[in-house]
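S.K.: See protein_20.cif below, with mmCIF, C-alpha atoms and all ligand atoms.
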```cif
data_entry
loop_
_atom_site.label_atom_id
_atom_site.label_comp_id
_atom_site.auth_asym_id
_atom_site.auth_seq_id
_atom_site.Cartn_x
_atom_site.Cartn_y
_atom_site.Cartn_z
CA MET Q 722 13.86 -19.82 -17.11
CA THR Q 723 11.68 -17.55 -19.20
CA SER Q 724 12.88 -14.09 -20.04
CA ALA Q 725 9.56 -12.89 -21.43
CA ARG Q 726 8.98 -9.36 -20.21
CA LEU Q 727 6.36 -8.80 -17.60
CA GLN Q 728 3.18 -7.19 -18.86
CA ALA Q 729 0.87 -7.41 -15.90
CA ILE Q 730 0.85 -7.52 -12.11
CA THR Q 731 -2.06 -8.85 -10.07
CA PHE Q 732 -2.45 -7.99 -6.39
CA ASP Q 733 -4.17 -9.61 -3.48
CA LEU Q 734 -5.60 -6.88 -1.20
CA ASP Q 735 -6.05 -7.86 2.47
CA ASP Q 736 -2.73 -8.25 4.28
CA THR Q 737 -0.90 -7.46 1.06
CA LEU Q 738 -1.62 -3.77 0.46
CA TRP Q 739 -2.70 -3.13 4.05
CA ASP Q 740 -2.65 -4.87 7.41
CA ASN Q 741 -6.13 -6.28 7.78
CA HIS Q 742 -6.05 -7.78 11.24
CA GLY Q 743 -7.34 -4.82 13.25
CA VAL Q 744 -9.81 -3.93 10.51
CA MET Q 745 -11.62 -7.27 10.61
CA GLU Q 746 -11.81 -7.31 14.39
CA ARG Q 747 -13.25 -3.79 14.55
CA THR Q 748 -15.65 -4.54 11.72
CA GLU Q 749 -16.85 -7.84 13.15
CA THR Q 750 -17.58 -6.55 16.65
CA GLY Q 751 -18.59 -3.07 15.46
CA HIS Q 752 -21.47 -3.96 13.16
CA TYR Q 753 -22.88 -6.54 15.60
CA ALA Q 754 -22.79 -4.08 18.48
CA TRP Q 755 -24.42 -1.46 16.25
CA LEU Q 756 -27.22 -3.90 15.33
CA ASP Q 757 -27.81 -4.84 18.96
CA ALA Q 758 -28.03 -1.21 20.08
CA ALA Q 759 -30.09 0.10 17.15
CA LEU Q 760 -32.51 -2.82 17.31
CA ALA Q 761 -33.01 -2.47 21.09
CA ASP Q 762 -33.69 1.22 20.57
CA TRP Q 763 -36.21 0.56 17.80
CA LEU Q 764 -38.05 -2.16 19.75
CA GLU Q 765 -38.09 0.05 22.83
CA ARG Q 766 -39.71 2.90 20.94
CA ARG Q 767 -42.37 0.53 19.64
CA GLY Q 768 -42.97 -0.79 23.15
CA GLU Q 769 -41.97 -4.30 21.98
CA ALA Q 770 -38.58 -4.72 23.67
CA PRO Q 771 -38.12 -8.35 24.80
CA ALA Q 772 -36.59 -8.97 28.23
CA VAL Q 773 -33.40 -10.30 26.65
CA ARG Q 774 -31.46 -8.23 24.13
CA PHE Q 775 -30.51 -9.64 20.76
CA ALA Q 776 -26.78 -9.98 21.46
CA GLU Q 777 -27.48 -11.58 24.83
CA ARG Q 778 -29.67 -14.20 23.23
CA PHE Q 779 -27.27 -14.65 20.31
CA PRO Q 780 -23.72 -13.63 21.27
CA LEU Q 781 -21.11 -13.03 18.57
CA GLY Q 782 -20.09 -16.70 18.76
CA ALA Q 783 -23.60 -17.83 17.80
CA TYR Q 784 -23.50 -15.54 14.75
CA GLN Q 785 -20.13 -16.96 13.72
CA ALA Q 786 -21.35 -20.53 14.19
CA ARG Q 787 -24.39 -19.78 12.03
CA ARG Q 788 -22.15 -18.51 9.23
CA LEU Q 789 -20.00 -21.65 9.33
CA GLU Q 790 -23.11 -23.81 9.19
CA LEU Q 791 -24.44 -21.84 6.20
CA ALA Q 792 -21.09 -22.15 4.42
CA ARG Q 793 -21.22 -25.92 4.90
CA ARG Q 794 -24.73 -26.12 3.51
CA HIS Q 795 -23.91 -23.82 0.55
CA PRO Q 796 -20.38 -24.76 -0.53
CA LEU Q 797 -20.51 -22.55 -3.63
CA ARG Q 798 -21.11 -19.56 -1.39
CA ARG Q 799 -18.27 -20.37 1.00
CA GLY Q 800 -16.21 -17.45 -0.28
CA ASP Q 801 -19.09 -15.01 -0.45
CA PHE Q 802 -18.72 -13.65 3.06
CA SER Q 803 -21.20 -10.81 2.66
CA TRP Q 804 -23.93 -13.23 1.61
CA LEU Q 805 -23.12 -15.56 4.51
CA ARG Q 806 -23.22 -12.71 7.00
CA GLU Q 807 -26.47 -11.22 5.79
CA ARG Q 808 -28.21 -14.61 5.63
CA ALA Q 809 -26.94 -15.53 9.10
CA LEU Q 810 -28.08 -12.20 10.56
CA ALA Q 811 -31.54 -12.49 9.03
CA ALA Q 812 -31.92 -16.05 10.37
CA LEU Q 813 -30.89 -15.02 13.89
CA LEU Q 814 -33.16 -11.96 13.85
CA GLU Q 815 -36.09 -14.12 12.80
CA ALA Q 816 -35.24 -16.58 15.56
CA TYR Q 817 -35.22 -13.58 17.93
CA GLY Q 818 -38.86 -13.01 17.00
CA LEU Q 819 -38.79 -10.41 14.23
CA PRO Q 820 -41.12 -10.92 11.27
CA ARG Q 821 -39.22 -12.03 8.19
CA SER Q 822 -39.44 -8.67 6.41
CA ALA Q 823 -38.11 -6.76 9.44
CA ALA Q 824 -35.38 -9.38 9.94
CA CYS Q 825 -34.22 -8.92 6.34
CA GLN Q 826 -34.27 -5.12 6.63
CA TRP Q 827 -32.26 -5.11 9.85
CA ALA Q 828 -29.79 -7.60 8.40
CA ALA Q 829 -29.34 -5.37 5.35
CA GLN Q 830 -28.78 -2.30 7.54
CA ALA Q 831 -26.26 -4.13 9.70
CA MET Q 832 -24.43 -5.11 6.51
CA GLN Q 833 -24.31 -1.48 5.42
CA ARG Q 834 -22.70 -0.70 8.73
CA PHE Q 835 -20.37 -3.67 8.26
CA MET Q 836 -19.29 -2.49 4.83
CA ALA Q 837 -18.65 1.07 6.04
CA LEU Q 838 -16.38 -0.26 8.81
CA ARG Q 839 -14.81 -2.79 6.44
CA HIS Q 840 -13.58 -0.04 4.16
CA GLU Q 841 -11.77 1.85 6.89
CA VAL Q 842 -8.45 0.41 5.75
CA SER Q 843 -5.11 2.20 5.66
CA PRO Q 844 -2.90 0.99 2.81
CA HIS Q 845 0.80 0.91 3.66
CA PRO Q 846 2.19 4.38 2.91
CA GLU Q 847 4.45 3.02 0.14
CA VAL Q 848 1.54 1.48 -1.76
CA GLU Q 849 0.05 4.54 -3.43
CA PRO Q 850 3.28 5.87 -5.04
CA MET Q 851 4.34 2.31 -5.91
CA LEU Q 852 1.09 1.57 -7.77
CA GLU Q 853 1.28 4.96 -9.44
CA ALA Q 854 4.73 4.09 -10.81
CA LEU Q 855 3.92 0.47 -11.69
CA GLY Q 856 0.71 1.48 -13.44
CA LYS Q 857 2.72 3.38 -15.98
CA ARG Q 858 4.64 0.28 -17.06
CA TYR Q 859 2.32 -2.63 -16.31
CA ARG Q 860 -1.35 -3.50 -16.46
CA LEU Q 861 -2.60 -3.92 -12.90
CA ALA Q 862 -5.42 -5.97 -11.43
CA SER Q 863 -6.66 -6.76 -7.94
CA ILE Q 864 -7.89 -10.24 -7.03
CA THR Q 865 -9.48 -10.67 -3.62
CA ASN Q 866 -11.44 -13.38 -1.86
CA GLY Q 867 -12.56 -10.80 0.67
CA ASN Q 868 -15.57 -8.54 0.53
CA VAL Q 869 -13.74 -5.25 0.26
CA ASP Q 870 -15.12 -3.33 -2.70
CA ILE Q 871 -12.08 -1.66 -4.14
CA ARG Q 872 -14.28 0.90 -5.88
CA ARG Q 873 -14.85 2.42 -2.43
CA LEU Q 874 -11.12 3.00 -1.93
CA ALA Q 875 -8.91 5.70 -3.42
CA LEU Q 876 -6.56 2.94 -4.65
CA HIS Q 877 -9.22 1.95 -7.13
CA ARG Q 878 -7.86 4.29 -9.76
CA HIS Q 879 -4.76 2.10 -10.18
CA PHE Q 880 -6.70 -1.05 -11.01
CA PRO Q 881 -8.43 -1.16 -14.39
CA VAL Q 882 -9.40 -4.74 -13.51
CA ALA Q 883 -10.73 -5.77 -10.10
CA ILE Q 884 -11.79 -9.35 -9.46
CA ALA Q 885 -14.01 -10.21 -6.47
CA ALA Q 886 -13.26 -13.93 -6.45
CA GLY Q 887 -15.66 -14.76 -3.64
CA GLU Q 888 -18.58 -13.24 -5.49
CA MET Q 889 -17.77 -15.15 -8.67
CA PHE Q 890 -18.17 -18.37 -6.62
CA ALA Q 891 -14.59 -19.33 -7.35
CA PRO Q 892 -12.45 -18.08 -4.49
CA LYS Q 893 -8.67 -18.46 -4.74
CA PRO Q 894 -6.98 -21.00 -4.86
CA ASP Q 895 -9.38 -21.69 -7.76
CA PRO Q 896 -7.43 -20.70 -10.89
CA ARG Q 897 -10.43 -18.97 -12.48
CA PRO Q 898 -10.09 -15.56 -10.81
CA PHE Q 899 -6.43 -15.44 -11.93
CA LEU Q 900 -7.35 -16.47 -15.47
CA ALA Q 901 -10.21 -13.96 -15.56
CA ALA Q 902 -7.88 -11.15 -14.47
CA LEU Q 903 -5.22 -12.09 -17.02
CA ALA Q 904 -7.74 -12.41 -19.83
CA ARG Q 905 -9.14 -8.98 -19.03
CA LEU Q 906 -5.62 -7.56 -18.90
CA ASP Q 907 -5.01 -9.22 -22.27
CA THR Q 908 -1.95 -11.18 -21.20
CA VAL Q 909 -0.84 -14.70 -20.30
CA PRO Q 910 0.41 -16.23 -17.01
CA SER Q 911 4.05 -16.41 -18.12
CA ARG Q 912 4.10 -12.62 -18.54
CA ALA Q 913 2.46 -11.81 -15.25
CA LEU Q 914 3.41 -11.53 -11.59
CA HIS Q 915 1.01 -12.15 -8.71
CA VAL Q 916 1.58 -10.46 -5.35
CA GLY Q 917 -0.07 -11.90 -2.25
CA ASP Q 918 0.38 -12.98 1.37
CA SER Q 919 -1.31 -16.38 1.37
CA TRP Q 920 0.76 -19.41 0.46
CA LEU Q 921 -2.32 -21.51 -0.35
CA GLU Q 922 -4.52 -18.87 -1.97
CA ASP Q 923 -1.94 -16.68 -3.70
CA ALA Q 924 1.50 -18.23 -4.15
CA LEU Q 925 0.60 -21.82 -5.02
CA PRO Q 926 -2.27 -21.31 -7.47
CA ALA Q 927 -0.52 -18.45 -9.30
CA ARG Q 928 2.69 -20.45 -9.60
CA ARG Q 929 0.78 -23.50 -10.86
CA LEU Q 930 -0.58 -21.35 -13.67
CA GLY Q 931 2.96 -20.32 -14.56
CA MET Q 932 2.89 -16.80 -13.13
CA GLN Q 933 5.81 -15.33 -11.24
CA VAL Q 934 4.90 -14.88 -7.59
CA ALA Q 935 5.84 -12.33 -4.96
CA TRP Q 936 4.85 -13.96 -1.70
CA ILE Q 937 4.64 -11.60 1.27
CA ALA Q 938 5.49 -13.59 4.36
CA ALA Q 939 7.58 -13.43 7.49
CA ALA Q 940 9.64 -16.59 7.08
CA ASP Q 941 11.72 -18.00 4.26
CA SER Q 942 12.25 -21.69 3.68
CA GLY Q 943 13.48 -23.12 0.39
CA LEU Q 944 11.04 -21.64 -2.09
CA PRO Q 945 10.37 -23.28 -5.46
CA THR Q 946 11.62 -21.51 -8.59
CA GLY Q 947 9.51 -18.53 -9.54
CA ILE Q 948 8.24 -17.76 -6.05
CA HIS Q 949 9.95 -14.79 -4.48
CA ARG Q 950 9.36 -13.99 -0.85
CA LEU Q 951 8.99 -10.37 0.22
CA ALA Q 952 8.85 -9.31 3.85
CA HIS Q 953 6.72 -6.31 2.83
CA VAL Q 954 5.06 -5.07 -0.30
CA ARG Q 955 7.42 -2.08 -0.34
CA GLU Q 956 10.11 -4.46 -1.60
CA LEU Q 957 8.15 -5.17 -4.77
CA PRO Q 958 9.78 -2.57 -7.06
CA THR Q 959 13.23 -4.06 -6.33
CA LEU Q 960 12.01 -7.55 -7.17
CA ILE Q 961 10.45 -6.37 -10.41
CA GLU Q 962 13.65 -4.62 -11.43
CA TRP Q 963 15.53 -7.82 -10.75
CA LEU Q 964 13.02 -9.93 -12.70
CA GLU Q 965 13.28 -7.55 -15.64
CA ARG Q 966 17.07 -7.59 -15.68
CA ARG Q 967 17.55 -11.35 -15.66
MG MG R 1 -4.45 -11.61 1.62
#
```
Reformat the file's structure so that it appears as structure tokens.
Ligand SMILES: [Mg+2]
M.R.:
Amino acid sequence: MTSARLQAITFDLDDTLWDNHGVMERTETGHYAWLDAALADWLERRGEAPAVRFAERFPLGAYQARRLELARRHPLRRGDFSWLRERALAALLEAYGLPRSAACQWAAQAMQRFMALRHEVSPHPEVEPMLEALGKRYRLASITNGNVDIRRLALHRHFPVAIAAGEMFAPKPDPRPFLAALARLDTVPSRALHVGDSWLEDALPARRLGMQVAWIAAADSGLPTGIHRLAHVRELPTLIEWLERR
């Protein structure tokens, strides 16, 4: 077992630093409902309102199906959820009868609404002071497959390096976002710890690279060496102390 001191800690965001479940539900339904209402209003004022409203013709399920289909046709974009959403919205709006330019504009506006809702996240209360303390001793990075732009969050100040893995066309479990983060933090996997909630996208790929792993999960079952399960991110400082004392 290596006793090289830790230099860096990389963090997944969604469901690691905050509970994302309610956020995604509100965001998903919220921006679509906003688009339906704003579009109906706009068409009404122009005297062009069709008999059937947009979300009646294309319910949320149709939008989701269109995104899956786009992801299948563009495998490199499969992690770029914002791109998939905007393209799917524009296609549905065109199919609804809007000229292409109007369809693209409405899709872009709906995505602005989506992003505003998407950033209404509440980090666990322990996270801010924990990052503040860790940032003094370690180099910190965030690595997310999601489309949260950490620059829009107050937590941003703790992360000199922020990797949007979906946008670099190499979503986790691809090793490249991890390697990019470590290179930019000027360290190597054996001197870094990754913290995340997904077994497949966080724990496994980070461990394969030789990083220590703090896996945030509800159940424990015979973990391989180097993967440490935490029930909550608030337990991280204790794990780090333990890793440092070995
Ligand atoms: Mg996560």
S.K.: Could you produce a table of the residues of chain Q lying within 12 Å of ligand MG 1 (chain R), with the nearest pair of atoms per residue and their separation in Å rounded to one decimal, using all atoms listed in the file, ordered by chain and increasing residue number, as CSV?
M.R.:
```
residue,atom,partner,partner_atom,distance
Q:Phe732,CA,R:MG1,MG,9.0
Q:Asp733,CA,R:MG1,MG,5.5
Q:Leu734,CA,R:MG1,MG,5.6
Q:Asp735,CA,R:MG1,MG,4.2
Q:Asp736,CA,R:MG1,MG,4.6
Q:Thr737,CA,R:MG1,MG,5.5
Q:Leu738,CA,R:MG1,MG,8.4
Q:Trp739,CA,R:MG1,MG,9.0
Q:Asp740,CA,R:MG1,MG,9.1
Q:Asn741,CA,R:MG1,MG,8.3
Q:His742,CA,R:MG1,MG,10.5
Q:Ser863,CA,R:MG1,MG,10.9
Q:Ile864,CA,R:MG1,MG,9.4
Q:Thr865,CA,R:MG1,MG,7.3
Q:Asn866,CA,R:MG1,MG,8.0
Q:Gly867,CA,R:MG1,MG,8.2
Q:Asn868,CA,R:MG1,MG,11.6
Q:Val869,CA,R:MG1,MG,11.3
Q:Pro892,CA,R:MG1,MG,12.0
Q:Lys893,CA,R:MG1,MG,10.3
Q:Pro894,CA,R:MG1,MG,11.7
Q:His915,CA,R:MG1,MG,11.7
Q:Val916,CA,R:MG1,MG,9.3
Q:Gly917,CA,R:MG1,MG,5.9
Q:Asp918,CA,R:MG1,MG,5.0
Q:Ser919,CA,R:MG1,MG,5.7
Q:Trp920,CA,R:MG1,MG,9.5
Q:Leu921,CA,R:MG1,MG,10.3
Q:Glu922,CA,R:MG1,MG,8.1
Q:Asp923,CA,R:MG1,MG,7.8
Q:Ala924,CA,R:MG1,MG,10.6
Q:Trp936,CA,R:MG1,MG,10.2
Q:Ile937,CA,R:MG1,MG,9.1
Q:Ala938,CA,R:MG1,MG,10.5
Q:Val954,CA,R:MG1,MG,11.7
```
S.K.: List every residue of segment 759-821 of chain Q that has an atom at most 8 Å from any atom of segment 871-887 of chain Q, giving for each one its closest atom pair and the distance in Å to one decimal, counting all atoms listed in the file, sorted by chain and then by ascending residue number, as a Markdown table.
M.R.:
```
| residue | atom | partner | partner_atom | distance |
| --- | --- | --- | --- | --- |
| Q:Arg798 | CA | Q:Gly887 | CA | 7.6 |
| Q:Arg799 | CA | Q:Gly887 | CA | 7.7 |
| Q:Gly800 | CA | Q:Gly887 | CA | 4.3 |
| Q:Asp801 | CA | Q:Gly887 | CA | 4.7 |
| Q:Phe802 | CA | Q:Gly887 | CA | 7.4 |
```
S.K.: For a quick check of understanding, using all atoms listed in the file, which of Q:His840, Q:Arg912, Q:Pro958, Q:Arg808 has the smallest distance to Gln826 of chain Q?
M.R.: Q:Arg808
S.K.: For Tyr784 of chain Q, which of Q:Glu769, Q:Ala761, Q:Leu810, Q:Met851 is the closest residue, counting all atoms listed in the file?
M.R.: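 Residue with the minimum atom-to-atom distance to Tyr784 of chain Q: Q:Leu810.
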S.K.: Within 10 Å of Leu930 of chain Q, counting all atoms listed in the file, which residues qualify if same-chain residues fewer than 5 places away don't, as a PyMOL selection string?
M.R.: chain Q and resi 896+899-900+909-911+925
S.K.: Grab the atom CA of Phe890 of chain Q to atom CA of Pro796 of chain Q distance for me, in Å with one decimal place.
M.R.: 9.1 Å
S.K.: For atom CA of Lys857 of chain Q and atom CA of Pro844 of chain Q, quote the distance in Å rounded to one decimal.
M.R.: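 Computing the Euclidean distance for atom CA of Lys857 of chain Q and atom CA of Pro844 of chain Q yields 19.8 Å.
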S.K.: Can you work out the spacing between atom CA of Trp804 of chain Q and atom CA of Ala786 of chain Q in Å, to one decimal?
M.R.: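 These two atoms are separated by 14.8 Å.
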S.K.: Mind listing whatever residues come within 12 Å of the point (-35.2, -1.4, 16.0)? Use only C-alpha atoms, file coordinates, and give them as a ChimeraX atom specification.
M.R.: /Q:755-771,774-775,814,819,823-824,826-828,830-831
S.K.: So that I can see what lies close to Thr748 of chain Q, please list as an mmCIF file with C-alpha atoms, keeping the file's coordinate frame the residues with an atom at most 8 Å from it, counting all atoms listed in the file and leaving out residues fewer than 5 positions away in the same chain.
M.R.:
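Written output follows (result08.cif):
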```cif
data_model
loop_
_atom_site.group_PDB
_atom_site.id
_atom_site.type_symbol
_atom_site.label_atom_id
_atom_site.label_comp_id
_atom_site.auth_asym_id
_atom_site.auth_seq_id
_atom_site.Cartn_x
_atom_site.Cartn_y
_atom_site.Cartn_z
ATOM 1 C CA PHE Q 835 -20.370 -3.670 8.260
ATOM 2 C CA LEU Q 838 -16.380 -0.260 8.810
ATOM 3 C CA ARG Q 839 -14.810 -2.790 6.440
#
```
S.K.: Take every atom of segment 749-761 of chain Q listed in the file, fit an axis-aligned box around them, add 4 Å per side, and give the centre and edge lengths in Å to one decimal as AutoDock Vina command-line options.
M.R.:
```
--center_x -24.9 --center_y -3.9 --center_z 17.1 --size_x 24.2 --size_y 15.9 --size_z 15.9
```
S.K.: Pick from Q:Asp895, Q:Ala772, Q:Pro780, Q:His949: nearest to Trp963 of chain Q, with only C-alpha atoms counted?
M.R.: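 Nearest candidate to Trp963 of chain Q out of Q:Asp895, Q:Ala772, Q:Pro780, Q:His949: Q:His949.
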S.K.: Can you complete the atoms of segment 789-823 of chain Q to N, CA and C atoms and list them as an mmCIF file, in the coordinates of the input?
M.R.:
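Saved as out.cif:
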```
data_model
loop_
_atom_site.group_PDB
_atom_site.id
_atom_site.type_symbol
_atom_site.label_atom_id
_atom_site.label_comp_id
_atom_site.auth_asym_id
_atom_site.auth_seq_id
_atom_site.Cartn_x
_atom_site.Cartn_y
_atom_site.Cartn_z
ATOM 1 N N LEU Q 789 -20.728 -20.427 9.691
ATOM 2 C CA LEU Q 789 -20.000 -21.650 9.330
ATOM 3 C C LEU Q 789 -20.980 -22.719 8.846
ATOM 4 N N GLU Q 790 -22.110 -22.809 9.551
ATOM 5 C CA GLU Q 790 -23.110 -23.810 9.190
ATOM 6 C C GLU Q 790 -23.677 -23.506 7.791
ATOM 7 N N LEU Q 791 -23.949 -22.232 7.531
ATOM 8 C CA LEU Q 791 -24.440 -21.840 6.200
ATOM 9 C C LEU Q 791 -23.418 -22.146 5.111
ATOM 10 N N ALA Q 792 -22.146 -21.893 5.405
ATOM 11 C CA ALA Q 792 -21.090 -22.150 4.420
ATOM 12 C C ALA Q 792 -21.002 -23.645 4.111
ATOM 13 N N ARG Q 793 -21.236 -24.463 5.129
ATOM 14 C CA ARG Q 793 -21.220 -25.920 4.900
ATOM 15 C C ARG Q 793 -22.387 -26.355 4.034
ATOM 16 N N ARG Q 794 -23.534 -25.733 4.265
ATOM 17 C CA ARG Q 794 -24.730 -26.120 3.510
ATOM 18 C C ARG Q 794 -24.728 -25.558 2.089
ATOM 19 N N HIS Q 795 -23.959 -24.468 1.870
ATOM 20 C CA HIS Q 795 -23.910 -23.820 0.550
ATOM 21 C C HIS Q 795 -22.453 -23.681 0.118
ATOM 22 N N PRO Q 796 -21.832 -24.803 -0.261
ATOM 23 C CA PRO Q 796 -20.380 -24.760 -0.530
ATOM 24 C C PRO Q 796 -19.997 -23.759 -1.625
ATOM 25 N N LEU Q 797 -20.862 -23.513 -2.583
ATOM 26 C CA LEU Q 797 -20.510 -22.550 -3.630
ATOM 27 C C LEU Q 797 -20.435 -21.122 -3.101
ATOM 28 N N ARG Q 798 -21.092 -20.904 -1.966
ATOM 29 C CA ARG Q 798 -21.110 -19.560 -1.390
ATOM 30 C C ARG Q 798 -20.032 -19.386 -0.324
ATOM 31 N N ARG Q 799 -19.183 -20.391 -0.148
ATOM 32 C CA ARG Q 799 -18.270 -20.370 1.000
ATOM 33 C C ARG Q 799 -17.334 -19.173 0.983
ATOM 34 N N GLY Q 800 -17.086 -18.614 -0.213
ATOM 35 C CA GLY Q 800 -16.210 -17.450 -0.280
ATOM 36 C C GLY Q 800 -16.966 -16.134 -0.318
ATOM 37 N N ASP Q 801 -18.282 -16.225 -0.338
ATOM 38 C CA ASP Q 801 -19.090 -15.010 -0.450
ATOM 39 C C ASP Q 801 -19.498 -14.562 0.956
ATOM 40 N N PHE Q 802 -18.552 -13.917 1.626
ATOM 41 C CA PHE Q 802 -18.720 -13.650 3.060
ATOM 42 C C PHE Q 802 -19.861 -12.690 3.341
ATOM 43 N N SER Q 803 -20.109 -11.754 2.435
ATOM 44 C CA SER Q 803 -21.200 -10.810 2.660
ATOM 45 C C SER Q 803 -22.538 -11.539 2.650
ATOM 46 N N TRP Q 804 -22.696 -12.446 1.705
ATOM 47 C CA TRP Q 804 -23.930 -13.230 1.610
ATOM 48 C C TRP Q 804 -24.119 -14.060 2.878
ATOM 49 N N LEU Q 805 -23.041 -14.720 3.308
ATOM 50 C CA LEU Q 805 -23.120 -15.560 4.510
ATOM 51 C C LEU Q 805 -23.516 -14.734 5.721
ATOM 52 N N ARG Q 806 -22.913 -13.557 5.853
ATOM 53 C CA ARG Q 806 -23.220 -12.710 7.000
ATOM 54 C C ARG Q 806 -24.679 -12.262 6.992
ATOM 55 N N GLU Q 807 -25.112 -11.769 5.836
ATOM 56 C CA GLU Q 807 -26.470 -11.220 5.790
ATOM 57 C C GLU Q 807 -27.504 -12.320 6.026
ATOM 58 N N ARG Q 808 -27.280 -13.491 5.422
ATOM 59 C CA ARG Q 808 -28.210 -14.610 5.630
ATOM 60 C C ARG Q 808 -28.221 -15.043 7.090
ATOM 61 N N ALA Q 809 -27.030 -15.109 7.704
ATOM 62 C CA ALA Q 809 -26.940 -15.530 9.100
ATOM 63 C C ALA Q 809 -27.644 -14.522 10.011
ATOM 64 N N LEU Q 810 -27.438 -13.228 9.745
ATOM 65 C CA LEU Q 810 -28.080 -12.200 10.560
ATOM 66 C C LEU Q 810 -29.600 -12.289 10.452
ATOM 67 N N ALA Q 811 -30.085 -12.429 9.225
ATOM 68 C CA ALA Q 811 -31.540 -12.490 9.030
ATOM 69 C C ALA Q 811 -32.123 -13.699 9.759
ATOM 70 N N ALA Q 812 -31.424 -14.832 9.704
ATOM 71 C CA ALA Q 812 -31.920 -16.050 10.370
ATOM 72 C C ALA Q 812 -31.965 -15.843 11.890
ATOM 73 N N LEU Q 813 -30.925 -15.235 12.440
ATOM 74 C CA LEU Q 813 -30.890 -15.020 13.890
ATOM 75 C C LEU Q 813 -31.957 -14.019 14.319
ATOM 76 N N LEU Q 814 -32.154 -12.975 13.504
ATOM 77 C CA LEU Q 814 -33.160 -11.960 13.850
ATOM 78 C C LEU Q 814 -34.559 -12.558 13.802
ATOM 79 N N GLU Q 815 -34.794 -13.446 12.859
ATOM 80 C CA GLU Q 815 -36.090 -14.120 12.800
ATOM 81 C C GLU Q 815 -36.265 -15.012 14.026
ATOM 82 N N ALA Q 816 -35.178 -15.720 14.373
ATOM 83 C CA ALA Q 816 -35.240 -16.580 15.560
ATOM 84 C C ALA Q 816 -35.452 -15.748 16.827
ATOM 85 N N TYR Q 817 -35.033 -14.494 16.789
ATOM 86 C CA TYR Q 817 -35.220 -13.580 17.930
ATOM 87 C C TYR Q 817 -36.669 -13.116 18.021
ATOM 88 N N GLY Q 818 -37.435 -13.334 16.945
ATOM 89 C CA GLY Q 818 -38.860 -13.010 17.000
ATOM 90 C C GLY Q 818 -39.307 -11.951 16.018
ATOM 91 N N LEU Q 819 -38.388 -11.423 15.212
ATOM 92 C CA LEU Q 819 -38.790 -10.410 14.230
ATOM 93 C C LEU Q 819 -39.503 -11.076 13.054
ATOM 94 N N PRO Q 820 -40.529 -10.403 12.506
ATOM 95 C CA PRO Q 820 -41.120 -10.920 11.270
ATOM 96 C C PRO Q 820 -40.047 -10.952 10.177
ATOM 97 N N ARG Q 821 -40.259 -11.816 9.194
ATOM 98 C CA ARG Q 821 -39.220 -12.030 8.190
ATOM 99 C C ARG Q 821 -38.800 -10.726 7.492
ATOM 100 N N SER Q 822 -39.792 -9.890 7.147
ATOM 101 C CA SER Q 822 -39.440 -8.670 6.410
ATOM 102 C C SER Q 822 -38.573 -7.739 7.271
ATOM 103 N N ALA Q 823 -38.918 -7.602 8.545
ATOM 104 C CA ALA Q 823 -38.110 -6.760 9.440
ATOM 105 C C ALA Q 823 -36.731 -7.365 9.641
#
```
